[in-house]
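> Contents are mmCIF, C-alpha atoms; file name upload-v4.cif:
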```
data_model
loop_
_atom_site.label_atom_id
_atom_site.label_comp_id
_atom_site.auth_asym_id
_atom_site.auth_seq_id
_atom_site.Cartn_x
_atom_site.Cartn_y
_atom_site.Cartn_z
CA MET K 1 -23.60 18.63 -26.74
CA PHE K 2 -24.21 19.88 -23.19
CA GLU K 3 -27.54 21.43 -24.14
CA GLU K 4 -28.69 18.33 -26.02
CA LEU K 5 -27.82 16.12 -23.04
CA THR K 6 -29.71 18.30 -20.58
CA LYS K 7 -32.79 18.26 -22.81
CA LYS K 8 -32.45 14.45 -23.07
CA LYS K 9 -32.21 14.72 -26.83
CA LYS K 10 -28.88 12.92 -26.54
CA THR K 11 -27.77 10.13 -24.24
CA MET K 12 -24.63 9.50 -22.20
CA ALA K 13 -23.07 6.03 -21.99
CA VAL K 14 -20.70 5.00 -19.20
CA ILE K 15 -18.39 2.14 -20.16
CA GLY K 16 -17.28 0.11 -17.14
CA LEU K 17 -19.41 0.08 -13.99
CA GLY K 18 -16.96 -0.59 -11.20
CA TYR K 19 -15.93 1.65 -8.30
CA VAL K 20 -15.54 4.57 -10.67
CA GLY K 21 -18.09 4.05 -13.43
CA LEU K 22 -21.21 3.19 -11.44
CA PRO K 23 -21.20 6.30 -9.18
CA ILE K 24 -20.62 8.47 -12.26
CA ALA K 25 -23.43 6.80 -14.19
CA LEU K 26 -25.94 7.10 -11.34
CA GLU K 27 -25.07 10.73 -10.57
CA PHE K 28 -25.52 11.76 -14.19
CA ALA K 29 -28.69 9.67 -14.44
CA LYS K 30 -30.32 11.98 -11.90
CA LYS K 31 -30.02 14.77 -14.49
CA ILE K 32 -29.83 13.18 -17.95
CA ARG K 33 -30.47 9.90 -19.75
CA VAL K 34 -27.71 7.33 -19.24
CA ILE K 35 -26.76 3.90 -20.55
CA GLY K 36 -24.63 1.92 -18.10
CA PHE K 37 -22.50 -0.68 -19.91
CA ASP K 38 -20.41 -3.46 -18.44
CA ILE K 39 -19.14 -6.63 -20.10
CA ARG K 40 -20.14 -8.81 -17.11
CA GLU K 41 -23.76 -9.88 -17.29
CA ASP K 42 -23.77 -11.00 -13.64
CA ARG K 43 -22.88 -7.47 -12.52
CA ILE K 44 -25.53 -5.97 -14.79
CA THR K 45 -28.15 -8.26 -13.24
CA LEU K 46 -27.26 -7.03 -9.76
CA MET K 47 -27.38 -3.38 -10.80
CA ARG K 48 -30.77 -3.85 -12.42
CA ASN K 49 -31.89 -4.92 -8.96
CA ASN K 50 -30.39 -1.82 -7.32
CA ILE K 51 -27.38 -3.71 -5.97
CA ASP K 52 -23.85 -2.37 -6.26
CA PRO K 53 -21.49 -5.33 -6.87
CA SER K 54 -18.69 -3.32 -5.23
CA ASN K 55 -20.76 -2.77 -2.05
CA GLU K 56 -20.05 0.96 -2.10
CA LEU K 57 -23.52 2.28 -2.94
CA GLU K 58 -26.90 1.58 -1.37
CA ALA K 59 -30.22 0.71 -3.02
CA LYS K 60 -31.45 4.28 -2.45
CA ASP K 61 -28.64 5.59 -4.67
CA PHE K 62 -30.31 3.92 -7.66
CA LYS K 63 -33.69 5.54 -7.05
CA GLY K 64 -34.90 8.26 -9.42
CA CYS K 65 -32.19 7.55 -11.98
CA ASP K 66 -32.89 7.54 -15.73
CA ILE K 67 -30.49 4.71 -16.51
CA THR K 68 -30.51 1.53 -18.57
CA PHE K 69 -28.04 -1.18 -17.56
CA THR K 70 -26.80 -3.41 -20.35
CA ALA K 71 -24.06 -5.85 -21.35
CA SER K 72 -24.96 -5.53 -25.04
CA ALA K 73 -22.65 -3.29 -27.05
CA ASP K 74 -25.44 -2.75 -29.59
CA ASP K 75 -27.30 -0.64 -27.03
CA LEU K 76 -24.44 1.85 -27.08
CA LYS K 77 -25.50 3.01 -30.54
CA GLU K 78 -28.11 5.20 -28.87
CA ALA K 79 -25.46 7.23 -27.05
CA SER K 80 -23.59 10.34 -28.17
CA PHE K 81 -21.42 11.12 -25.14
CA TYR K 82 -19.25 8.24 -23.97
CA VAL K 83 -17.45 8.08 -20.62
CA VAL K 84 -14.83 5.31 -20.43
CA ALA K 85 -14.09 4.21 -16.87
CA VAL K 86 -12.38 0.83 -17.11
CA PRO K 87 -9.40 -0.44 -15.07
CA THR K 88 -5.83 0.27 -16.16
CA PRO K 89 -3.75 -2.38 -14.37
CA ILE K 90 -0.14 -3.47 -14.77
CA ASP K 91 1.07 -6.85 -16.06
CA GLU K 92 3.37 -9.37 -14.37
CA HIS K 93 6.36 -7.30 -15.50
CA LYS K 94 4.89 -4.16 -13.90
CA LYS K 95 4.28 -2.60 -17.28
CA PRO K 96 1.03 -0.78 -18.21
CA ASP K 97 -1.68 -3.19 -19.34
CA LEU K 98 -3.88 -1.20 -21.69
CA ARG K 99 -5.93 -4.16 -22.87
CA PRO K 100 -9.12 -3.23 -20.95
CA LEU K 101 -8.81 0.39 -22.10
CA LEU K 102 -8.19 -0.51 -25.73
CA SER K 103 -10.98 -3.09 -25.68
CA ALA K 104 -13.41 -0.45 -24.40
CA THR K 105 -12.10 1.94 -27.06
CA ARG K 106 -12.82 -0.61 -29.80
CA THR K 107 -16.33 -1.08 -28.42
CA VAL K 108 -16.97 2.66 -28.54
CA GLY K 109 -15.28 3.05 -31.93
CA LYS K 110 -17.66 0.57 -33.52
CA VAL K 111 -20.69 2.68 -32.61
CA LEU K 112 -19.14 6.14 -32.83
CA LYS K 113 -21.06 8.68 -34.93
CA GLN K 114 -20.30 12.09 -36.32
CA GLY K 115 -20.58 14.72 -33.60
CA ASP K 116 -20.05 12.27 -30.71
CA TYR K 117 -17.86 12.87 -27.67
CA VAL K 118 -15.61 10.35 -25.88
CA VAL K 119 -14.22 11.19 -22.43
CA TYR K 120 -11.71 8.93 -20.69
CA GLU K 121 -11.57 8.66 -16.90
CA SER K 122 -9.17 5.71 -16.66
CA THR K 123 -5.77 6.60 -15.21
CA VAL K 124 -3.09 6.53 -17.90
CA TYR K 125 0.32 8.00 -18.68
CA PRO K 126 0.43 11.40 -20.42
CA GLY K 127 -0.28 10.94 -24.12
CA ALA K 128 -2.24 7.67 -23.91
CA THR K 129 -5.58 9.22 -24.84
CA GLU K 130 -4.35 10.89 -28.03
CA GLU K 131 -1.60 8.45 -28.97
CA ASP K 132 -3.17 5.08 -28.12
CA CYS K 133 -6.94 5.58 -27.98
CA VAL K 134 -7.72 8.21 -30.64
CA PRO K 135 -6.09 6.30 -33.55
CA LEU K 136 -8.12 3.24 -32.57
CA LEU K 137 -11.33 5.27 -32.47
CA GLU K 138 -10.54 6.57 -35.95
CA GLU K 139 -9.74 3.10 -37.23
CA MET K 140 -12.90 1.48 -35.84
CA SER K 141 -15.27 4.29 -36.81
CA GLY K 142 -13.79 5.55 -40.06
CA LEU K 143 -14.22 9.06 -38.68
CA GLU K 144 -11.67 11.85 -38.33
CA PHE K 145 -10.56 13.09 -34.90
CA ILE K 146 -11.75 16.62 -34.01
CA THR K 147 -13.42 17.09 -37.40
CA ASP K 148 -15.96 14.30 -36.83
CA PHE K 149 -15.74 13.50 -33.12
CA LYS K 150 -14.30 15.05 -29.98
CA VAL K 151 -12.26 13.50 -27.18
CA GLY K 152 -11.51 14.58 -23.63
CA PHE K 153 -9.93 13.32 -20.43
CA SER K 154 -11.30 13.77 -16.92
CA PRO K 155 -9.40 11.70 -14.36
CA GLU K 156 -11.38 9.82 -11.75
CA ARG K 157 -10.86 10.87 -8.13
CA ILE K 158 -13.13 8.45 -6.34
CA ASN K 159 -11.80 7.13 -3.03
CA PRO K 160 -13.32 3.71 -2.21
CA GLY K 161 -14.77 3.48 1.27
CA ASP K 162 -14.71 7.25 1.77
CA LYS K 163 -18.20 8.48 2.63
CA LYS K 164 -17.04 12.09 3.05
CA HIS K 165 -15.09 12.79 -0.14
CA THR K 166 -17.66 11.42 -2.56
CA LEU K 167 -17.87 12.02 -6.31
CA THR K 168 -19.83 15.27 -6.20
CA LYS K 169 -17.71 16.76 -3.39
CA ILE K 170 -14.30 16.46 -5.07
CA THR K 171 -13.12 19.06 -7.58
CA LYS K 172 -13.13 17.50 -11.06
CA VAL K 173 -10.36 18.09 -13.55
CA THR K 174 -11.61 18.15 -17.14
CA SER K 175 -10.02 18.67 -20.55
CA GLY K 176 -10.86 18.52 -24.24
CA CYS K 177 -9.13 18.22 -27.58
CA ASP K 178 -10.04 21.81 -28.54
CA GLU K 179 -11.67 24.89 -27.01
CA VAL K 180 -15.20 23.81 -27.90
CA SER K 181 -14.91 20.30 -26.48
CA SER K 182 -13.08 21.55 -23.41
CA GLU K 183 -15.99 23.82 -22.52
CA GLU K 184 -18.73 21.34 -23.44
CA ILE K 185 -17.12 18.60 -21.34
CA ALA K 186 -16.57 20.94 -18.39
CA LYS K 187 -20.19 22.13 -18.45
CA THR K 188 -21.40 18.54 -18.63
CA TYR K 189 -19.51 17.58 -15.47
CA GLU K 190 -20.60 20.76 -13.75
CA MET K 191 -24.11 19.35 -13.82
CA VAL K 192 -23.18 16.88 -11.07
CA ILE K 193 -19.96 18.09 -9.42
CA GLU K 194 -20.87 20.34 -6.50
CA ALA K 195 -17.22 21.10 -5.69
CA GLY K 196 -16.67 22.60 -9.12
CA VAL K 197 -14.62 21.81 -12.21
CA TYR K 198 -11.02 22.71 -13.02
CA ARG K 199 -10.44 23.17 -16.75
CA ALA K 200 -7.00 21.79 -17.59
CA SER K 201 -5.21 23.41 -20.52
CA SER K 202 -4.85 20.14 -22.44
CA ILE K 203 -5.58 16.42 -22.32
CA LYS K 204 -1.94 15.63 -21.51
CA VAL K 205 -1.94 18.06 -18.59
CA ALA K 206 -5.05 16.37 -17.17
CA GLU K 207 -3.50 12.92 -17.64
CA ALA K 208 -0.27 14.05 -15.98
CA ALA K 209 -2.11 15.67 -13.06
CA LYS K 210 -3.81 12.41 -12.20
CA ILE K 211 -0.73 10.24 -12.48
CA ILE K 212 1.32 12.45 -10.14
CA GLU K 213 -1.43 12.55 -7.50
CA ASN K 214 -0.94 8.86 -6.76
CA SER K 215 2.80 8.92 -7.40
CA GLN K 216 3.19 11.65 -4.80
CA ARG K 217 1.32 9.61 -2.19
CA ASP K 218 3.34 6.53 -3.08
CA ILE K 219 6.64 8.35 -2.58
CA ASN K 220 5.56 9.86 0.72
CA ILE K 221 4.39 6.50 2.07
CA ALA K 222 7.66 4.93 0.91
CA PHE K 223 9.52 7.50 3.01
CA MET K 224 7.39 6.52 6.01
CA ASN K 225 8.12 2.84 5.36
CA GLU K 226 11.84 3.47 5.19
CA LEU K 227 11.63 5.40 8.44
CA SER K 228 9.82 2.44 9.96
CA MET K 229 12.67 0.14 8.92
CA ILE K 230 15.21 2.51 10.45
CA PHE K 231 13.33 3.13 13.69
CA ASN K 232 12.58 -0.57 14.10
CA LYS K 233 16.34 -1.16 14.42
CA MET K 234 16.45 1.58 17.08
CA ASN K 235 13.45 0.16 18.94
CA ILE K 236 11.49 3.38 18.36
CA ASN K 237 7.78 3.32 17.50
CA THR K 238 7.33 5.11 14.16
CA PHE K 239 3.76 6.16 14.89
CA GLU K 240 4.91 7.90 18.08
CA VAL K 241 7.62 9.71 16.12
CA LEU K 242 5.08 10.85 13.53
CA GLU K 243 2.70 12.04 16.23
CA ALA K 244 5.44 14.18 17.74
CA ALA K 245 6.60 15.52 14.36
CA GLY K 246 2.99 16.22 13.40
CA THR K 247 2.76 18.99 15.97
CA LYS K 248 4.52 21.22 13.43
CA TRP K 249 1.98 22.96 11.17
CA ASN K 250 3.59 21.97 7.86
CA PHE K 251 4.48 18.35 8.59
CA LEU K 252 2.63 16.10 6.12
CA PRO K 253 0.39 13.39 7.66
CA PHE K 254 1.59 10.19 5.98
CA PHE K 255 2.01 6.81 7.69
CA PRO K 256 3.85 3.53 7.07
CA GLY K 257 2.06 0.43 5.83
CA LEU K 258 1.24 -1.86 2.95
CA VAL K 259 0.58 -0.08 -0.35
CA GLY K 260 -1.73 -2.04 -2.61
CA GLY K 261 -4.98 -1.49 -4.45
CA HIS K 262 -5.58 -0.44 -8.03
CA CYS K 263 -4.26 3.15 -7.77
CA ILE K 264 -1.27 4.02 -5.60
CA GLY K 265 0.41 0.65 -6.07
CA VAL K 266 -0.13 0.71 -9.84
CA ASP K 267 -0.23 4.21 -11.31
CA PRO K 268 3.42 5.17 -10.68
CA TYR K 269 4.47 2.38 -13.03
CA TYR K 270 2.58 4.13 -15.83
CA LEU K 271 4.68 7.24 -15.29
CA THR K 272 8.00 5.38 -15.03
CA HIS K 273 7.12 3.47 -18.21
CA LYS K 274 6.44 6.66 -20.14
CA SER K 275 9.48 8.45 -18.76
CA ALA K 276 11.69 5.54 -19.89
CA MET K 277 10.35 6.03 -23.43
CA TYR K 278 11.84 9.52 -23.27
CA GLY K 279 15.16 8.19 -22.01
CA HIS K 280 14.70 9.23 -18.39
CA HIS K 281 15.06 6.84 -15.45
CA ALA K 282 12.63 8.01 -12.76
CA GLN K 283 14.88 7.44 -9.74
CA ILE K 284 12.68 8.68 -6.90
CA ILE K 285 9.49 7.08 -8.23
CA ASN K 286 11.19 3.73 -8.84
CA ALA K 287 12.89 3.82 -5.44
CA GLY K 288 9.56 4.48 -3.76
CA ARG K 289 7.95 1.63 -5.63
CA GLY K 290 10.79 -0.68 -4.64
CA ILE K 291 10.40 0.12 -0.96
CA ASN K 292 6.62 -0.23 -0.96
CA ASP K 293 6.58 -3.41 -3.03
CA GLY K 294 9.08 -4.95 -0.60
CA MET K 295 7.21 -3.93 2.54
CA ALA K 296 5.17 -7.14 2.81
CA ALA K 297 8.32 -9.30 2.80
CA TRP K 298 9.96 -7.02 5.36
CA ILE K 299 6.94 -7.21 7.70
CA ALA K 300 6.77 -11.01 7.40
CA LYS K 301 10.49 -11.23 8.19
CA GLN K 302 10.16 -9.10 11.34
CA ILE K 303 7.32 -11.25 12.62
CA THR K 304 9.12 -14.47 11.73
CA VAL K 305 12.28 -13.39 13.56
CA LYS K 306 10.26 -12.50 16.66
CA LEU K 307 8.47 -15.86 16.54
CA SER K 308 11.71 -17.77 16.08
CA ASN K 309 13.03 -16.13 19.27
CA LEU K 310 10.00 -17.47 21.13
CA TYR K 311 9.42 -20.87 19.56
CA THR K 312 11.88 -23.51 18.37
CA ASN K 313 9.61 -24.94 15.66
CA LEU K 314 7.95 -22.37 13.42
CA LYS K 315 5.93 -25.06 11.69
CA GLU K 316 3.90 -25.45 14.87
CA CYS K 317 2.98 -21.77 14.94
CA ARG K 318 -0.56 -20.66 14.11
CA ILE K 319 -0.97 -17.15 12.70
CA LEU K 320 -4.15 -15.12 12.35
CA VAL K 321 -4.13 -12.33 9.76
CA MET K 322 -6.96 -9.87 10.25
CA GLY K 323 -7.95 -8.24 6.97
CA THR K 324 -7.10 -8.99 3.35
CA THR K 325 -8.68 -6.13 1.38
CA PHE K 326 -6.34 -3.42 0.10
CA LYS K 327 -7.76 -0.82 2.53
CA GLU K 328 -10.20 -0.43 5.38
CA ASN K 329 -13.97 -0.89 5.10
CA VAL K 330 -14.03 -1.88 1.42
CA SER K 331 -14.55 -5.24 -0.27
CA ASP K 332 -11.93 -4.64 -2.97
CA ILE K 333 -9.09 -7.17 -2.85
CA ARG K 334 -7.29 -6.09 -6.03
CA ASN K 335 -3.51 -5.93 -5.64
CA SER K 336 -3.77 -6.47 -1.89
CA LYS K 337 -0.30 -6.67 -0.37
CA VAL K 338 -1.72 -8.53 2.63
CA ALA K 339 -1.68 -11.59 0.38
CA ASP K 340 2.09 -11.16 0.03
CA VAL K 341 2.45 -11.22 3.82
CA VAL K 342 0.42 -14.43 3.92
CA TYR K 343 2.57 -16.05 1.22
CA GLU K 344 5.79 -15.08 3.00
CA LEU K 345 4.64 -16.54 6.32
CA LYS K 346 3.48 -19.76 4.68
CA GLU K 347 6.94 -20.13 3.12
CA PHE K 348 8.23 -20.77 6.64
CA GLY K 349 5.69 -23.58 7.06
CA MET K 350 3.45 -21.74 9.51
CA LEU K 351 -0.30 -22.29 9.54
CA VAL K 352 -1.86 -19.00 8.47
CA GLU K 353 -5.56 -18.21 8.77
CA VAL K 354 -7.12 -15.07 7.34
CA ALA K 355 -10.31 -13.34 8.49
CA ASP K 356 -12.01 -10.38 6.82
CA PRO K 357 -15.62 -9.23 7.35
CA CYS K 358 -15.62 -7.15 4.17
CA ALA K 359 -14.09 -9.52 1.60
CA ASP K 360 -15.74 -12.35 -0.30
CA SER K 361 -14.07 -15.69 0.46
CA GLY K 362 -14.72 -17.04 -3.02
CA GLU K 363 -13.07 -14.04 -4.66
CA VAL K 364 -10.10 -14.29 -2.31
CA LEU K 365 -9.69 -17.99 -3.11
CA GLU K 366 -9.85 -17.33 -6.84
CA GLU K 367 -7.44 -14.39 -6.71
CA TYR K 368 -4.94 -15.47 -4.06
CA GLY K 369 -5.45 -19.18 -3.44
CA TYR K 370 -6.59 -19.12 0.18
CA GLU K 371 -10.00 -19.02 1.81
CA LEU K 372 -11.23 -16.82 4.63
CA ILE K 373 -12.26 -18.28 7.95
CA GLU K 374 -15.67 -17.27 9.28
CA GLN K 375 -14.65 -17.10 12.92
CA PRO K 376 -11.13 -17.09 14.38
CA VAL K 377 -10.50 -20.00 16.74
CA GLY K 378 -7.39 -19.59 18.84
CA PRO K 379 -5.01 -19.95 20.34
CA TYR K 380 -2.69 -18.21 17.87
CA HIS K 381 1.02 -17.63 18.32
CA ALA K 382 0.71 -14.33 16.46
CA ILE K 383 -2.14 -12.10 15.40
CA ILE K 384 -1.48 -9.60 12.63
CA VAL K 385 -3.95 -6.71 12.34
CA ALA K 386 -3.32 -5.83 8.70
CA VAL K 387 -6.40 -3.76 7.78
CA SER K 388 -8.20 -1.28 10.03
CA HIS K 389 -11.78 -2.38 9.37
CA ASP K 390 -14.22 -0.86 11.87
CA GLU K 391 -14.90 -4.33 13.27
CA PHE K 392 -11.21 -4.73 14.14
CA VAL K 393 -10.73 -1.19 15.49
CA ALA K 394 -13.53 -1.84 17.99
CA LEU K 395 -11.65 -4.76 19.59
CA LYS K 396 -10.19 -4.48 23.09
CA GLU K 397 -7.03 -6.00 24.54
CA ASP K 398 -9.10 -8.66 26.30
CA ASP K 399 -10.44 -9.79 22.91
CA PHE K 400 -6.90 -10.49 21.73
CA ILE K 401 -5.85 -12.11 25.00
CA LYS K 402 -8.60 -14.71 24.51
CA MET K 403 -7.24 -15.62 21.07
CA ILE K 404 -3.48 -15.53 21.61
CA VAL K 405 -1.13 -17.91 23.46
CA PRO K 406 0.66 -16.47 26.51
CA GLY K 407 3.65 -14.51 25.24
CA GLY K 408 2.34 -14.52 21.67
CA ILE K 409 2.74 -11.53 19.36
CA LEU K 410 0.19 -8.91 18.43
CA ALA K 411 1.47 -7.22 15.25
CA ASP K 412 -0.43 -4.00 14.63
CA LEU K 413 0.47 -2.80 11.15
CA LYS K 414 -1.77 0.26 11.38
CA GLY K 415 -0.74 1.39 14.85
CA ILE K 416 -4.37 1.20 15.96
CA PHE K 417 -3.76 -0.23 19.43
CA ARG K 418 -0.38 1.24 20.40
CA ASP K 419 -1.80 3.19 23.37
CA LYS K 420 -4.26 0.46 24.33
CA ILE K 421 -2.08 -2.63 24.87
CA SER K 422 -0.33 -3.28 28.18
CA GLN K 423 -0.37 -7.07 28.70
CA LEU K 424 0.53 -8.46 25.27
CA ASN K 425 3.77 -8.82 23.36
CA TYR K 426 3.01 -5.87 21.08
CA TRP K 427 4.76 -4.75 17.86
CA SER K 428 3.84 -2.17 15.25
CA LEU K 429 5.59 -0.40 12.38
#
```
What does the file become when written as structure tokens?

Amino acid sequence: MFEELTKKKKTMAVIGLGYVGLPIALEFAKKIRVIGFDIREDRITLMRNNIDPSNELEAKDFKGCDITFTASADDLKEASFYVVAVPTPIDEHKKPDLRPLLSATRTVGKVLKQGDYVVYESTVYPGATEEDCVPLLEEMSGLEFITDFKVGFSPERINPGDKKHTLTKITKVTSGCDEVSSEEIAKTYEMVIEAGVYRASSIKVAEAAKIIENSQRDINIAFMNELSMIFNKMNINTFEVLEAAGTKWNFLPFFPGLVGGHCIGVDPYYLTHKSAMYGHHAQIINAGRGINDGMAAWIAKQITVKLSNLYTNLKECRILVMGTTFKENVSDIRNSKVADVVYELKEFGMLVEVADPCADSGEVLEEYGYELIEQPVGPYHAIIVAVSHDEFVALKEDDFIKMIVPGGILADLKGIFRDKISQLNYWSL
């Protein structure tokens, strides 16, 4: 398979062209022939014009790529090596929602041929590839697993907004359903991954490795958030504590804050779901999730209490929330916990305005029910810096003084300005 791809006798297809799929498709398209498939025609139109709908890649990244963008599943018949990179969200009950993954699997299964390869990059619980996806591939294609087609798993490790740790510079974990597929898949990824490939011993090991990466971060951030709750009662700045503790060589650099997005705030639920199927209650993982999911309400409460000590009528208070994406310098608003802060503050009848230079106001309105303001117009009784976009980090104390009422609160959730504020009523985690 590897040799046929490199000679362009066979074609790769990437299913799902979001934050993960598009960079993969373009990187491979510099070496081999690629079909980029997405179910949204509007996104395909943008990509055909060298525009990344996620605003992560530039027009130059499309240049020199042997790629065909399509929303027609019929075009996938030309491919022999399929990479599935669709979202794996959770539902309203915080259970794994495999519908996008299974839908993509059906699409591939309908065009699957003898000798084809299917590699999944979507984050799942251990066993999902072989227990949920493979039977569906067999059913849709009429082919037999391993005998007629091969399957592998290579978890995505793309970090949105990170211009340093890009796709080619992060070690890639790969796996296959047998020795032959394991090696063919690894060699295929080695074409584009400069940092090298780690060959996992099995598909389940590769799946498990990915799921614990994000679960580990979630747990560590939950510890920081709990520390913030404790130190807040003691009137100690958590960021100052972490700076002092960080002088020890083996202290891990994690910080408190909102945990949203489509990875850290989601993936641990896949592991707790699977562990429950084996009769094990994942105490630490669930506890971490509970703390992080409740952080938005806790932050809103702290700000509300501080405002109520300053003003008799909260309904007259105007609040500016700066940032609504799930992390800095990205346009992605999926599972943003900033929205939860906004909802909590509005419950008290306060007027809340939200500004974000990276997010699309229409998408925010559709997803969360509020629009973005183009330009903040004070005075505000509280300003909450929720996301550390570069535009916000560059602000000075005088910029906030112009927008805030005398005695108003500057809530700095990221600890960006803790050494730079001397005249304002300042609070951070």
> With the cut-off set at 12 Å and counting only C-alpha atoms, tabulate each residue of stretch 167-214 of chain K with an atom at most that distance from an atom of stretch 248-265 of chain K, showing the nearest atom pair and its distance in Å to one decimal, ordered by chain and increasing number, as a Markdown table.

```
| residue | atom | partner | partner_atom | distance |
| --- | --- | --- | --- | --- |
| K:Lys210 | CA | K:Cys263 | CA | 10.3 |
| K:Ile211 | CA | K:Cys263 | CA | 9.2 |
| K:Ile212 | CA | K:Ile264 | CA | 9.9 |
| K:Glu213 | CA | K:Ile264 | CA | 8.7 |
| K:Asn214 | CA | K:Ile264 | CA | 5.0 |
```
> Within 12 Å of (-12.5, 6.1, -37.2) (file coordinates; all atoms listed in the file), which protein or nucleic acid residues are there? I'd like them as a ChimeraX atom specification.
/K:105-114,116,133-150
> Just say which residues the PyMOL selection byres ((chain K and resi 378) around 10) picks in this file, as a ChimeraX atom specification.
/K:318-320,375-377,379-383,400-405
> Have a look at K:Ser175, K:Lys187, K:Ser275, K:Leu26 and name the one nearest to K:Glu58; count all atoms listed in the file.
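Nearest candidate to K:Glu58 out of K:Ser175, K:Lys187, K:Ser275, K:Leu26: K:Leu26.
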> Identify which of the residues K:Met12, K:Leu365, K:Ala287, K:Ile24 lies closest to K:Ile193, counting all atoms listed in the file when measuring atom-to-atom distances.
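Residue with the minimum atom-to-atom distance to K:Ile193: K:Ile24.
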> What is the distance between atom CA of K:Ala29 and atom CA of K:Asp74, in Å to one decimal?
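Rounded to one decimal, the two atoms are 19.9 Å apart.
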> Mind telling me what the PyMOL selection byres ((chain K and resi 241) around 12) catches here, as a list in words?
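Going through the file, the PyMOL selection byres ((chain K and resi 241) around 12) ends up selecting Met224, Leu227, Ser228, Ile230, Phe231, Asn232, Asn235, Ile236, Asn237, Thr238, Phe239, Glu240, Leu242, Glu243, Ala244, Ala245, Gly246, Thr247, Phe251, Pro253, Phe254, Phe255, Pro256, Gly415 and Leu429 of chain K.
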> For K:Ala13, please output as JSON, numbers by chain all residues within 12 Å (counting all atoms listed in the file; exclusion window: fewer than 6 positions along the same chain).
{"K": [5, 21, 22, 24, 25, 26, 28, 29, 32, 33, 34, 35, 36, 37, 38, 66, 67, 68, 69, 70, 71, 73, 74, 75, 76, 77, 78, 79, 80, 81, 82, 83, 84, 85, 104, 107, 108, 111, 112, 116, 117, 118, 119, 120]}
> Can stretch 200-215 of chain K be brought up to N, CA and C atoms and written out as a short mmCIF file (atom, residue, chain, number, x, y, z; two decimals), in the coordinates of the input?

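Result file follows (selection09.cif):
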```cif
data_model
loop_
_atom_site.label_atom_id
_atom_site.label_comp_id
_atom_site.auth_asym_id
_atom_site.auth_seq_id
_atom_site.Cartn_x
_atom_site.Cartn_y
_atom_site.Cartn_z
N ALA K 200 -8.42 21.94 -17.26
CA ALA K 200 -7.00 21.79 -17.59
C ALA K 200 -6.75 22.32 -18.99
N SER K 201 -5.54 22.77 -19.25
CA SER K 201 -5.21 23.41 -20.52
C SER K 201 -5.14 22.42 -21.68
N SER K 202 -4.93 21.15 -21.38
CA SER K 202 -4.85 20.14 -22.44
C SER K 202 -5.13 18.76 -21.86
N ILE K 203 -5.35 17.80 -22.74
CA ILE K 203 -5.58 16.42 -22.32
C ILE K 203 -4.35 15.87 -21.60
N LYS K 204 -3.17 16.14 -22.13
CA LYS K 204 -1.94 15.63 -21.51
C LYS K 204 -1.73 16.20 -20.12
N VAL K 205 -2.07 17.47 -19.92
CA VAL K 205 -1.94 18.06 -18.59
C VAL K 205 -2.87 17.35 -17.60
N ALA K 206 -4.09 17.08 -18.03
CA ALA K 206 -5.05 16.37 -17.17
C ALA K 206 -4.57 14.96 -16.86
N GLU K 207 -4.04 14.27 -17.86
CA GLU K 207 -3.50 12.92 -17.64
C GLU K 207 -2.34 12.96 -16.65
N ALA K 208 -1.44 13.93 -16.84
CA ALA K 208 -0.27 14.05 -15.98
C ALA K 208 -0.66 14.41 -14.54
N ALA K 209 -1.66 15.26 -14.39
CA ALA K 209 -2.11 15.67 -13.06
C ALA K 209 -2.57 14.47 -12.25
N LYS K 210 -3.32 13.59 -12.90
CA LYS K 210 -3.81 12.41 -12.20
C LYS K 210 -2.68 11.47 -11.81
N ILE K 211 -1.77 11.24 -12.74
CA ILE K 211 -0.73 10.24 -12.48
C ILE K 211 0.21 10.68 -11.37
N ILE K 212 0.41 12.01 -11.21
CA ILE K 212 1.32 12.45 -10.14
C ILE K 212 0.62 12.51 -8.79
N GLU K 213 -0.72 12.58 -8.78
CA GLU K 213 -1.43 12.55 -7.50
C GLU K 213 -1.08 11.27 -6.74
N ASN K 214 -1.21 10.14 -7.41
CA ASN K 214 -0.94 8.86 -6.76
C ASN K 214 0.55 8.60 -6.59
N SER K 215 1.35 9.09 -7.53
CA SER K 215 2.80 8.92 -7.40
C SER K 215 3.32 9.69 -6.18
#
```
